[in-house]
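my_file-v3.txt (compact mmCIF, C-alpha atoms and all ligand atoms) appears below.
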# COMPACT_ATOMS: atom_id res chain seq x y z
CA MET A 1 9.66 -142.63 -31.23
CA SER A 2 5.91 -142.57 -30.63
CA GLU A 3 5.55 -139.92 -33.31
CA TYR A 4 7.42 -142.02 -35.90
CA GLY A 5 5.18 -144.95 -34.92
CA TYR A 6 2.08 -142.85 -35.40
CA ARG A 7 3.24 -141.80 -38.87
CA ARG A 8 3.93 -145.41 -39.90
CA LYS A 9 0.52 -146.46 -38.66
CA LYS A 10 -1.17 -143.67 -40.56
CA ILE A 11 0.58 -144.51 -43.80
CA MET A 12 -0.13 -148.23 -43.40
CA GLN A 13 -3.82 -147.48 -42.93
CA ALA A 14 -3.74 -145.49 -46.14
CA ILE A 15 -1.97 -148.10 -48.29
CA GLY A 16 -4.05 -151.01 -46.95
CA GLU A 17 -3.36 -154.74 -46.82
CA LYS A 18 -2.52 -154.99 -50.52
CA GLY A 19 0.07 -152.24 -50.37
CA ILE A 20 3.69 -152.16 -49.31
CA LEU A 21 6.11 -149.31 -48.73
CA ILE A 22 9.77 -149.83 -49.57
CA LEU A 23 12.08 -146.91 -48.97
CA SER A 24 15.84 -146.68 -49.20
CA SER A 25 18.13 -144.56 -47.04
CA ALA A 26 20.15 -141.80 -48.71
CA PRO A 27 23.37 -142.93 -50.39
CA GLU A 28 26.74 -141.93 -49.02
CA VAL A 29 28.33 -139.46 -51.44
CA TYR A 30 32.02 -138.86 -52.05
CA ARG A 31 33.17 -135.26 -52.14
CA ASN A 32 36.59 -136.10 -53.57
CA GLY A 33 39.01 -139.02 -53.37
CA ASP A 34 37.89 -141.15 -50.46
CA ALA A 35 36.46 -138.23 -48.43
CA LEU A 36 32.69 -138.36 -47.94
CA TYR A 37 30.26 -135.48 -47.63
CA PRO A 38 28.74 -135.40 -44.13
CA TYR A 39 25.99 -138.00 -44.18
CA ARG A 40 22.41 -136.75 -44.21
CA GLN A 41 19.51 -139.21 -44.09
CA ASN A 42 16.79 -139.06 -46.73
CA SER A 43 13.97 -136.89 -45.36
CA ASP A 44 11.14 -139.37 -46.06
CA PHE A 45 13.16 -142.18 -44.49
CA TYR A 46 13.90 -140.09 -41.42
CA TYR A 47 10.27 -138.97 -41.16
CA LEU A 48 9.11 -142.57 -40.82
CA THR A 49 11.94 -144.02 -38.71
CA GLY A 50 14.21 -141.47 -37.03
CA PHE A 51 16.96 -143.83 -38.21
CA GLU A 52 20.12 -142.03 -39.32
CA GLU A 53 22.37 -144.78 -40.70
CA PRO A 54 23.17 -145.29 -44.38
CA GLU A 55 22.71 -148.66 -46.11
CA SER A 56 19.24 -149.14 -44.69
CA ILE A 57 15.91 -150.07 -46.21
CA LEU A 58 12.54 -149.54 -44.61
CA VAL A 59 9.67 -151.89 -45.42
CA LEU A 60 6.12 -151.32 -44.20
CA ALA A 61 3.91 -154.29 -45.02
CA PRO A 62 0.47 -153.89 -43.42
CA SER A 63 -0.96 -157.08 -41.85
CA ARG A 64 2.17 -159.14 -42.49
CA LYS A 65 2.05 -161.92 -39.89
CA GLU A 66 5.74 -161.87 -38.90
CA GLY A 67 5.66 -158.09 -38.47
CA GLU A 68 4.64 -154.97 -40.38
CA PHE A 69 7.68 -152.75 -39.78
CA ILE A 70 10.87 -154.30 -41.14
CA LEU A 71 14.25 -152.63 -41.19
CA PHE A 72 17.19 -153.87 -43.26
CA ASN A 73 20.33 -152.26 -41.90
CA ARG A 74 24.08 -152.67 -41.44
CA VAL A 75 25.34 -155.48 -39.25
CA GLN A 76 27.45 -154.63 -36.25
CA ASP A 77 31.13 -154.92 -37.14
CA LYS A 78 33.84 -154.47 -34.51
CA ASP A 79 36.54 -153.45 -37.02
CA LYS A 80 34.40 -150.91 -38.86
CA GLU A 81 33.03 -149.52 -35.61
CA ILE A 82 36.57 -148.75 -34.41
CA TRP A 83 36.83 -146.32 -37.34
CA ASP A 84 33.31 -145.02 -37.79
CA GLY A 85 31.54 -145.43 -34.46
CA PRO A 86 28.71 -147.63 -33.24
CA ARG A 87 25.98 -149.12 -35.43
CA ALA A 88 22.54 -150.03 -34.16
CA GLY A 89 22.67 -153.47 -35.74
CA GLN A 90 19.55 -155.62 -35.95
CA ALA A 91 19.06 -155.81 -32.17
CA GLY A 92 19.27 -152.02 -31.93
CA ALA A 93 16.82 -151.57 -34.80
CA ILE A 94 14.27 -153.54 -32.80
CA LYS A 95 15.05 -152.23 -29.34
CA SER A 96 15.71 -148.54 -30.03
CA PHE A 97 13.74 -147.96 -33.25
CA HIS A 98 10.85 -150.33 -32.58
CA ALA A 99 11.15 -152.41 -35.76
CA ASP A 100 9.11 -155.62 -35.61
CA GLN A 101 11.90 -157.42 -37.45
CA ALA A 102 15.37 -156.43 -38.60
CA PHE A 103 17.69 -158.11 -41.09
CA PRO A 104 21.15 -157.43 -42.48
CA PHE A 105 21.08 -155.04 -45.43
CA SER A 106 22.69 -157.74 -47.61
CA GLU A 107 19.64 -160.00 -47.21
CA PHE A 108 17.20 -157.55 -48.77
CA SER A 109 17.39 -158.83 -52.36
CA ALA A 110 16.82 -162.42 -51.34
CA MET A 111 13.80 -161.52 -49.21
CA LEU A 112 12.21 -159.10 -51.66
CA PRO A 113 10.13 -161.62 -53.69
CA ALA A 114 8.50 -163.00 -50.55
CA LEU A 115 7.76 -159.49 -49.28
CA LEU A 116 6.15 -158.51 -52.57
CA ALA A 117 4.02 -161.64 -52.92
CA GLY A 118 0.33 -160.72 -53.09
CA ARG A 119 1.02 -156.98 -52.94
CA GLU A 120 0.09 -154.42 -55.57
CA ALA A 121 2.29 -151.71 -57.03
CA MET A 122 1.32 -148.17 -56.13
CA ASP A 123 3.11 -144.86 -55.71
CA ILE A 124 2.62 -143.50 -52.22
CA THR A 125 5.05 -140.58 -52.57
CA LEU A 126 2.21 -138.11 -52.87
CA LEU A 127 0.47 -139.47 -49.78
CA LEU A 128 3.64 -139.34 -47.72
CA HIS A 129 4.42 -135.83 -48.87
CA GLU A 130 0.93 -134.61 -48.06
CA MET A 131 1.50 -135.93 -44.54
CA ARG A 132 4.81 -134.09 -44.30
CA LEU A 133 3.20 -130.84 -45.42
CA LEU A 134 1.11 -130.63 -42.24
CA LYS A 135 3.35 -130.25 -39.21
CA SER A 136 2.75 -131.68 -35.74
CA GLU A 137 3.21 -129.76 -32.52
CA ALA A 138 6.59 -131.44 -32.00
CA GLU A 139 7.72 -130.49 -35.50
CA ILE A 140 6.71 -126.86 -34.99
CA ALA A 141 8.68 -126.80 -31.75
CA VAL A 142 11.83 -128.07 -33.51
CA MET A 143 11.34 -125.61 -36.36
CA GLN A 144 11.00 -122.76 -33.86
CA LYS A 145 14.30 -123.86 -32.30
CA ALA A 146 15.96 -123.89 -35.75
CA VAL A 147 14.66 -120.37 -36.38
CA ASP A 148 15.85 -119.18 -32.96
CA ILE A 149 19.40 -120.36 -33.68
CA THR A 150 19.25 -118.67 -37.07
CA ASP A 151 18.02 -115.53 -35.29
CA SER A 152 21.24 -115.29 -33.27
CA ALA A 153 23.30 -115.99 -36.39
CA HIS A 154 21.74 -113.10 -38.32
CA ARG A 155 22.16 -110.77 -35.33
CA ARG A 156 25.78 -111.78 -35.08
CA ALA A 157 26.30 -111.08 -38.79
CA MET A 158 24.74 -107.61 -38.41
CA GLN A 159 26.87 -106.83 -35.38
CA THR A 160 30.10 -108.01 -36.96
CA CYS A 161 29.64 -106.45 -40.38
CA LYS A 162 31.86 -103.55 -41.44
CA PRO A 163 33.47 -102.33 -44.66
CA ASN A 164 36.39 -104.34 -46.09
CA LEU A 165 35.44 -107.63 -44.53
CA TYR A 166 35.06 -110.46 -47.02
CA GLU A 167 31.67 -112.08 -47.56
CA TYR A 168 33.05 -115.37 -46.25
CA GLU A 169 33.93 -113.70 -42.97
CA LEU A 170 30.24 -112.96 -42.40
CA GLU A 171 29.43 -116.54 -43.44
CA ALA A 172 31.91 -117.73 -40.80
CA GLU A 173 30.15 -115.73 -38.07
CA ILE A 174 26.86 -117.32 -39.11
CA MET A 175 28.28 -120.84 -39.16
CA TYR A 176 29.88 -120.26 -35.78
CA GLU A 177 26.55 -119.39 -34.24
CA PHE A 178 24.80 -122.35 -35.89
CA GLN A 179 27.39 -124.84 -34.72
CA ARG A 180 27.88 -123.59 -31.19
CA GLN A 181 24.16 -124.02 -30.67
CA GLY A 182 24.07 -127.59 -31.95
CA ALA A 183 23.02 -127.03 -35.54
CA ARG A 184 25.97 -128.68 -37.28
CA TYR A 185 24.98 -127.79 -40.83
CA PRO A 186 23.18 -125.05 -42.69
CA ALA A 187 19.93 -126.18 -44.33
CA TYR A 188 21.37 -124.94 -47.66
CA ALA A 189 24.54 -123.19 -48.77
CA SER A 190 24.57 -119.75 -47.12
CA ILE A 191 24.20 -116.80 -49.48
CA VAL A 192 26.25 -113.75 -48.50
CA GLY A 193 26.26 -111.31 -51.40
CA ALA A 194 27.36 -107.69 -51.18
CA GLY A 195 27.01 -104.96 -53.79
CA ARG A 196 26.37 -106.41 -57.26
CA ASN A 197 26.32 -109.92 -55.74
CA SER A 198 23.15 -109.02 -53.82
CA CYS A 199 21.38 -109.24 -57.18
CA ILE A 200 22.43 -112.86 -57.83
CA LEU A 201 19.59 -114.93 -56.37
CA HIS A 202 21.57 -118.03 -55.36
CA TYR A 203 25.02 -116.49 -55.00
CA VAL A 204 27.11 -118.84 -52.81
CA ASN A 205 30.62 -117.92 -53.90
CA ASN A 206 30.95 -115.52 -50.95
CA GLN A 207 34.50 -114.43 -51.88
CA GLN A 208 34.22 -110.68 -52.48
CA LYS A 209 35.39 -107.90 -50.23
CA MET A 210 32.42 -105.85 -49.00
CA ALA A 211 32.73 -102.16 -49.74
CA ASP A 212 31.61 -99.14 -47.76
CA GLY A 213 28.25 -98.17 -49.28
CA ASP A 214 27.30 -101.69 -50.39
CA LEU A 215 24.21 -103.54 -49.27
CA VAL A 216 24.77 -107.14 -48.22
CA LEU A 217 22.10 -109.79 -48.66
CA VAL A 218 22.34 -112.72 -46.24
CA ASP A 219 20.13 -115.73 -46.94
CA ALA A 220 21.10 -118.34 -44.36
CA GLY A 221 19.28 -120.81 -42.15
CA CYS A 222 20.44 -123.68 -40.00
CA GLU A 223 19.17 -127.23 -40.05
CA TYR A 224 18.33 -128.36 -36.54
CA GLN A 225 17.41 -131.98 -35.84
CA TYR A 226 16.72 -132.39 -39.57
CA TYR A 227 14.41 -129.36 -39.81
CA ALA A 228 15.26 -126.37 -41.98
CA SER A 229 15.00 -122.69 -41.27
CA ASP A 230 15.30 -120.24 -44.16
CA ILE A 231 15.80 -116.57 -43.38
CA THR A 232 16.98 -113.60 -45.42
CA ARG A 233 17.99 -110.21 -44.14
CA THR A 234 19.59 -107.39 -46.11
CA PHE A 235 21.58 -104.61 -44.48
CA PRO A 236 24.11 -101.88 -45.32
CA VAL A 237 27.75 -102.93 -44.90
CA ASN A 238 28.55 -99.67 -43.12
CA GLY A 239 25.49 -99.76 -40.88
CA LYS A 240 23.55 -96.87 -42.51
CA PHE A 241 21.12 -97.22 -45.43
CA SER A 242 21.62 -94.70 -48.22
CA GLY A 243 18.58 -92.88 -49.59
CA GLU A 244 18.20 -95.24 -52.56
CA GLN A 245 18.80 -98.36 -50.47
CA ARG A 246 16.27 -97.13 -47.94
CA ALA A 247 13.62 -96.54 -50.62
CA ILE A 248 13.99 -100.03 -52.09
CA TYR A 249 14.18 -101.64 -48.66
CA GLU A 250 11.02 -99.93 -47.41
CA LEU A 251 9.22 -101.08 -50.53
CA VAL A 252 10.23 -104.73 -50.14
CA LEU A 253 9.37 -104.59 -46.44
CA ALA A 254 5.93 -103.11 -47.10
CA SER A 255 5.20 -105.86 -49.61
CA GLN A 256 6.42 -108.54 -47.20
CA LEU A 257 4.33 -107.26 -44.27
CA ALA A 258 1.24 -107.07 -46.49
CA ALA A 259 1.89 -110.57 -47.84
CA ILE A 260 2.18 -111.98 -44.31
CA GLN A 261 -1.22 -110.43 -43.56
CA THR A 262 -2.75 -112.70 -46.22
CA ILE A 263 -1.40 -115.92 -44.65
CA LYS A 264 -4.29 -117.76 -43.00
CA PRO A 265 -6.39 -120.89 -43.59
CA GLN A 266 -8.32 -120.77 -46.91
CA SER A 267 -6.03 -118.10 -48.32
CA SER A 268 -3.21 -119.21 -50.66
CA TRP A 269 0.41 -118.47 -51.52
CA GLN A 270 -0.98 -116.89 -54.68
CA ALA A 271 -2.74 -114.25 -52.58
CA ALA A 272 0.63 -113.40 -51.03
CA GLN A 273 2.24 -113.27 -54.47
CA ASP A 274 -0.50 -110.99 -55.87
CA VAL A 275 -0.11 -108.52 -53.00
CA ILE A 276 3.67 -108.47 -53.45
CA VAL A 277 3.43 -107.88 -57.20
CA LYS A 278 0.97 -105.05 -56.69
CA ILE A 279 2.95 -103.24 -54.00
CA ILE A 280 6.30 -103.69 -55.74
CA THR A 281 4.95 -102.51 -59.09
CA GLN A 282 3.28 -99.44 -57.55
CA GLY A 283 6.44 -98.68 -55.59
CA LEU A 284 8.63 -98.89 -58.68
CA ILE A 285 6.23 -96.49 -60.42
CA ASP A 286 6.43 -94.07 -57.48
CA LEU A 287 10.24 -94.20 -57.62
CA ARG A 288 10.06 -93.59 -61.41
CA ILE A 289 11.91 -96.82 -62.08
CA LEU A 290 8.85 -98.11 -63.96
CA LYS A 291 6.72 -95.86 -66.14
CA GLY A 292 3.08 -96.46 -66.92
CA ASP A 293 -0.10 -97.33 -65.08
CA LEU A 294 -0.38 -100.03 -62.46
CA THR A 295 -2.87 -102.36 -64.13
CA SER A 296 -1.14 -102.52 -67.49
CA LEU A 297 2.33 -102.82 -65.95
CA ILE A 298 1.12 -105.77 -63.85
CA GLU A 299 -0.49 -107.31 -66.93
CA LYS A 300 2.77 -106.93 -68.85
CA GLN A 301 4.68 -108.34 -65.86
CA ALA A 302 6.92 -105.29 -65.98
CA TYR A 303 8.11 -106.18 -62.45
CA LEU A 304 9.83 -109.37 -63.66
CA PRO A 305 13.30 -107.88 -64.31
CA PHE A 306 13.25 -106.71 -60.65
CA TYR A 307 11.23 -109.45 -58.91
CA MET A 308 11.59 -112.73 -60.80
CA HIS A 309 10.73 -115.36 -58.19
CA LYS A 310 7.68 -116.41 -56.21
CA SER A 311 6.49 -115.32 -52.79
CA GLY A 312 7.91 -118.38 -51.04
CA HIS A 313 7.79 -122.15 -50.59
CA TRP A 314 6.86 -124.87 -48.11
CA LEU A 315 9.41 -125.41 -45.35
CA GLY A 316 10.13 -128.52 -43.26
CA LEU A 317 12.59 -131.42 -43.38
CA ASP A 318 13.68 -130.04 -46.75
CA VAL A 319 14.24 -126.35 -47.23
CA HIS A 320 12.06 -126.43 -50.35
CA ASP A 321 9.73 -128.86 -48.69
CA VAL A 322 7.43 -131.40 -50.27
CA GLY A 323 3.71 -130.95 -50.94
CA LEU A 324 1.70 -129.80 -53.92
CA TYR A 325 1.36 -126.11 -54.73
CA HIS A 326 -1.70 -126.58 -56.91
CA VAL A 327 -4.83 -128.65 -56.38
CA ASN A 328 -7.29 -129.14 -59.25
CA GLY A 329 -5.30 -126.68 -61.30
CA LYS A 330 -5.71 -123.93 -58.69
CA PRO A 331 -3.31 -122.48 -56.12
CA ARG A 332 -3.74 -124.66 -53.08
CA PRO A 333 -5.67 -123.24 -50.12
CA LEU A 334 -3.58 -122.85 -46.99
CA GLU A 335 -4.38 -125.03 -43.97
CA ALA A 336 -3.44 -124.80 -40.32
CA ASN A 337 -0.01 -126.30 -39.55
CA MET A 338 1.53 -125.69 -42.93
CA VAL A 339 4.81 -123.76 -42.71
CA LEU A 340 5.95 -121.58 -45.57
CA THR A 341 8.36 -118.77 -46.29
CA VAL A 342 7.36 -115.26 -47.35
CA GLU A 343 10.26 -113.72 -49.24
CA PRO A 344 9.72 -110.88 -51.68
CA GLY A 345 12.73 -109.12 -53.17
CA ILE A 346 13.82 -106.41 -55.56
CA TYR A 347 17.08 -106.82 -57.46
CA ILE A 348 18.42 -104.01 -59.60
CA SER A 349 21.40 -105.38 -61.44
CA GLY A 350 23.59 -103.14 -63.59
CA ASP A 351 22.15 -104.48 -66.82
CA ILE A 352 18.46 -103.65 -66.64
CA GLU A 353 17.87 -101.13 -69.44
CA GLY A 354 16.64 -97.66 -68.64
CA VAL A 355 17.29 -97.63 -64.91
CA ASP A 356 19.19 -94.67 -63.48
CA LYS A 357 22.66 -95.64 -62.28
CA ARG A 358 21.98 -94.57 -58.70
CA TRP A 359 19.75 -97.65 -58.28
CA HIS A 360 22.31 -100.13 -59.60
CA HIS A 361 23.49 -103.06 -57.49
CA ILE A 362 20.75 -102.72 -54.91
CA GLY A 363 19.45 -106.20 -54.17
CA VAL A 364 17.03 -106.62 -51.26
CA ARG A 365 15.25 -109.76 -50.11
CA ILE A 366 13.43 -110.12 -46.80
CA GLU A 367 12.41 -113.65 -45.84
CA ASP A 368 10.58 -114.99 -42.82
CA ASP A 369 9.29 -118.44 -41.84
CA VAL A 370 5.56 -118.47 -41.21
CA TRP A 371 3.39 -121.06 -39.47
CA VAL A 372 -0.27 -121.15 -40.53
CA THR A 373 -2.42 -121.34 -37.39
CA ASP A 374 -6.16 -122.00 -36.97
CA THR A 375 -6.96 -118.31 -37.06
CA GLY A 376 -4.14 -116.71 -39.05
CA CYS A 377 -0.41 -117.17 -38.80
CA LYS A 378 2.57 -116.87 -36.53
CA VAL A 379 5.87 -115.56 -37.87
CA LEU A 380 8.42 -117.92 -36.30
CA SER A 381 11.22 -115.47 -37.13
CA ALA A 382 9.43 -112.34 -35.91
CA ASN A 383 12.25 -111.41 -33.53
CA ILE A 384 14.99 -111.05 -36.11
CA PRO A 385 15.68 -107.33 -36.73
CA LYS A 386 13.83 -106.27 -39.86
CA THR A 387 12.86 -102.60 -39.78
CA ILE A 388 15.45 -100.07 -40.89
CA SER A 389 15.65 -98.56 -37.42
CA ASP A 390 16.06 -101.97 -35.74
CA ILE A 391 18.80 -102.95 -38.20
CA GLU A 392 20.66 -99.64 -37.92
CA SER A 393 20.48 -99.72 -34.16
CA ILE A 394 21.78 -103.30 -33.78
CA MET A 395 24.57 -102.52 -36.24
CA ALA A 396 25.53 -99.43 -34.24
CA SER A 397 25.60 -101.34 -30.95
MN MN B 401 13.57 -119.46 -49.14
Rewrite the coordinates I just gave you, this time as structure tokens.
Amino acid sequence: MSEYGYRRKKIMQAIGEKGILILSSAPEVYRNGDALYPYRQNSDFYYLTGFEEPESILVLAPSRKEGEFILFNRVQDKDKEIWDGPRAGQAGAIKSFHADQAFPFSEFSAMLPALLAGREAMDITLLLHEMRLLKSEAEIAVMQKAVDITDSAHRRAMQTCKPNLYEYELEAEIMYEFQRQGARYPAYASIVGAGRNSCILHYVNNQQKMADGDLVLVDAGCEYQYYASDITRTFPVNGKFSGEQRAIYELVLASQLAAIQTIKPQSSWQAAQDVIVKIITQGLIDLRILKGDLTSLIEKQAYLPFYMHKSGHWLGLDVHDVGLYHVNGKPRPLEANMVLTVEPGIYISGDIEGVDKRWHHIGVRIEDDVWVTDTGCKVLSANIPKTISDIESIMAS
């Protein structure tokens, strides 16, 4: 609670006495009929309150005499609580969440004109998101925990995997590990794609049988206490990389390790991307998949049919977390306590012209979660098997 209080104070200092912050909770969303999706609070709302109930509105009004932190939330209701469980109510909003004042949600509209009187309109989204981009010690600790749970899930997937299982069976092993360790939901729909599906970047259908000789790409991360992890590992369904799979895997791994080396304060995600592009392009030349010289192939972006995304993204309360990627038209310099992913990949689908058939349907992505420290970086997911020998040995065990 003290951390939420600190964040509110910081944002109120920034908006000043003329400003006001009004933020709504996430809506409840129906999946079908009268069945709701599991409720997930809006990340900004959670960041400033820790309050998880729907039908809530946060108001921060600096220097307001009756109180600066106002919460509009659901009233307690015996009948509804029999079905859906306890509600904090207005007393709970004050006692447990430290609101200065709390009112029933239904009173918001009537009170709004008085709250706005003398205040100026401004958009503080950017300010709030810049705050979220830099993680506190407590946030890093929770993110490490999320990664650790995801670590066991990926190990479990590697240990369970064998030919003729369905992709959803691997997904089930992953979900089992998330849930038994208290991470009720994945941070995003798990991607389990074998064979040709490994080349579909956001494949979430997960319904194919996995064949002997296929690679399977698993991009799955749990959400723990609202914080996302985002990890990808790729491994052979039968536990042994083929020659072609090995060559592509080693190339992606080399580019990922080199990209991680660039992650430190004052560097940028663009530096990571440049290193990846260079290593992948050179590697594809060496494997005779691309023909030509390095500089002109990079200029022509000849790597794009094989590597069509960026080196990674910010990570936090949202899996693709908030925060600007460019400042003054330039790639933003990294700062200590940012967390980002590093996730190069090579995807050789069956329909790229001029590529020998033996390379077809090899899709490899390797993704880790990286915390920028004062002096460099720490890979939060460093323990998850990643080298070919580590993967083959855990799959054999
Ligand atoms: Mn990612």
Check every protein, DNA and RNA residue against ligand MN 401 (chain B), keep those with an atom at most 8 Å away (counting only C-alpha atoms and all ligand atoms), and present them as a CSV table (one decimal) with C-alpha atoms, keeping the file's coordinate frame.
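Saved result, pocket28.csv, follows:
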chain,number,residue,atom,x,y,z
A,219,ASP,CA,20.1,-115.7,-46.9
A,230,ASP,CA,15.3,-120.2,-44.2
A,231,ILE,CA,15.8,-116.6,-43.4
A,232,THR,CA,17.0,-113.6,-45.4
A,312,GLY,CA,7.9,-118.4,-51.0
A,313,HIS,CA,7.8,-122.2,-50.6
A,319,VAL,CA,14.2,-126.4,-47.2
A,320,HIS,CA,12.1,-126.4,-50.4
A,341,THR,CA,8.4,-118.8,-46.3
A,342,VAL,CA,7.4,-115.3,-47.4
A,343,GLU,CA,10.3,-113.7,-49.2
A,367,GLU,CA,12.4,-113.6,-45.8
Residues within 12 Å of range 208-217 of chain A, all atoms listed in the file, excluding chain neighbours under 6 positions, as a ChimeraX atom specification: /A:154,157-158,161-171,190-202,231-246,248-249,345-348,358-367
Excluding Gln101 in chain A and any residue of its chain fewer than 6 positions from it, enumerate the residues within 7 Å of it, using only C-alpha atoms, and give them as a list in words. Gly67, Phe69, Ile70, Leu71 and Ile94 of chain A
Kindly give the distance, in Å, that separates CA of Pro186 in chain A and CA of Asn383 in chain A, rounded to a single decimal.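 Distance reported for this atom pair: 19.7 Å.
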Measuring atom to atom with all atoms listed in the file, identify which of A:Ile280, A:Val322, A:Met111, A:Ala172 is nearest to Leu127 in chain A.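 Among the listed residues, the smallest separation from Leu127 in chain A belongs to A:Val322.
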Show which residues sit within 9 Å of range 22-39 of chain A, as a ChimeraX atom specification. Count only C-alpha atoms, and ignore same-chain residues fewer than 3 positions away. /A:42-46,51-61
Can you pull out the residues contacting Thr373 in chain A? Cut-off 10 Å, using all atoms listed in the file, and skip same-chain residues under 5 positions away; I want them as a VMD selection string. chain A and resid 263 to 265 334 to 339 378
Judged by all atoms listed in the file, the minimum distance to Lys135 in chain A among A:Gly292, A:Arg7, A:Met1, A:Glu392 is found for A:Arg7
If I take CA of Arg332 in chain A and CA of Asp374 in chain A, how far is one from the other in Å, to one decimal?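 Computed distance, CA of Arg332 in chain A to CA of Asp374 in chain A, equals 16.5 Å.
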May I ask for the distance between CA of Ile174 in chain A and CA of Asp390 in chain A, given in Å to one decimal place?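 Going from CA of Ile174 in chain A over to CA of Asp390 in chain A covers 19.1 Å.
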Tell me which residues come within 12 Å of (2.1, -161.4, -52.3), as a compact mmCIF listing (two decimals) with C-alpha atoms, in the coordinates of the input, counting all atoms listed in the file in the file's coordinates.
# COMPACT_ATOMS: atom_id res chain seq x y z
CA GLU A 17 -3.36 -154.74 -46.82
CA LYS A 18 -2.52 -154.99 -50.52
CA GLY A 19 0.07 -152.24 -50.37
CA ILE A 20 3.69 -152.16 -49.31
CA ALA A 61 3.91 -154.29 -45.02
CA PRO A 62 0.47 -153.89 -43.42
CA SER A 63 -0.96 -157.08 -41.85
CA ARG A 64 2.17 -159.14 -42.49
CA LEU A 112 12.21 -159.10 -51.66
CA PRO A 113 10.13 -161.62 -53.69
CA ALA A 114 8.50 -163.00 -50.55
CA LEU A 115 7.76 -159.49 -49.28
CA LEU A 116 6.15 -158.51 -52.57
CA ALA A 117 4.02 -161.64 -52.92
CA GLY A 118 0.33 -160.72 -53.09
CA ARG A 119 1.02 -156.98 -52.94
CA GLU A 120 0.09 -154.42 -55.57
CA ALA A 121 2.29 -151.71 -57.03
Would you list the residues near (6.4, -103.8, -63.1), meaning any protein, DNA or RNA residue with an atom at most 12 Å from that point in file coordinates, counting only C-alpha atoms, as a compact mmCIF listing (two decimals) with C-alpha atoms, in the coordinates of the input?
# COMPACT_ATOMS: atom_id res chain seq x y z
CA ILE A 276 3.67 -108.47 -53.45
CA VAL A 277 3.43 -107.88 -57.20
CA LYS A 278 0.97 -105.05 -56.69
CA ILE A 279 2.95 -103.24 -54.00
CA ILE A 280 6.30 -103.69 -55.74
CA THR A 281 4.95 -102.51 -59.09
CA GLN A 282 3.28 -99.44 -57.55
CA GLY A 283 6.44 -98.68 -55.59
CA LEU A 284 8.63 -98.89 -58.68
CA ILE A 285 6.23 -96.49 -60.42
CA ASP A 286 6.43 -94.07 -57.48
CA LEU A 287 10.24 -94.20 -57.62
CA ARG A 288 10.06 -93.59 -61.41
CA ILE A 289 11.91 -96.82 -62.08
CA LEU A 290 8.85 -98.11 -63.96
CA LYS A 291 6.72 -95.86 -66.14
CA GLY A 292 3.08 -96.46 -66.92
CA ASP A 293 -0.10 -97.33 -65.08
CA LEU A 294 -0.38 -100.03 -62.46
CA THR A 295 -2.87 -102.36 -64.13
CA SER A 296 -1.14 -102.52 -67.49
CA LEU A 297 2.33 -102.82 -65.95
CA ILE A 298 1.12 -105.77 -63.85
CA GLU A 299 -0.49 -107.31 -66.93
CA LYS A 300 2.77 -106.93 -68.85
CA GLN A 301 4.68 -108.34 -65.86
CA ALA A 302 6.92 -105.29 -65.98
CA TYR A 303 8.11 -106.18 -62.45
CA LEU A 304 9.83 -109.37 -63.66
CA PRO A 305 13.30 -107.88 -64.31
CA PHE A 306 13.25 -106.71 -60.65
CA TYR A 307 11.23 -109.45 -58.91
CA MET A 308 11.59 -112.73 -60.80
CA ILE A 346 13.82 -106.41 -55.56
Pick from A:Trp269, A:Tyr227, A:Tyr176, A:Tyr47, whichever lies nearest to Ala153 in chain A using all atoms listed in the file: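 The answer is A:Tyr176, which sits nearest to Ala153 in chain A.
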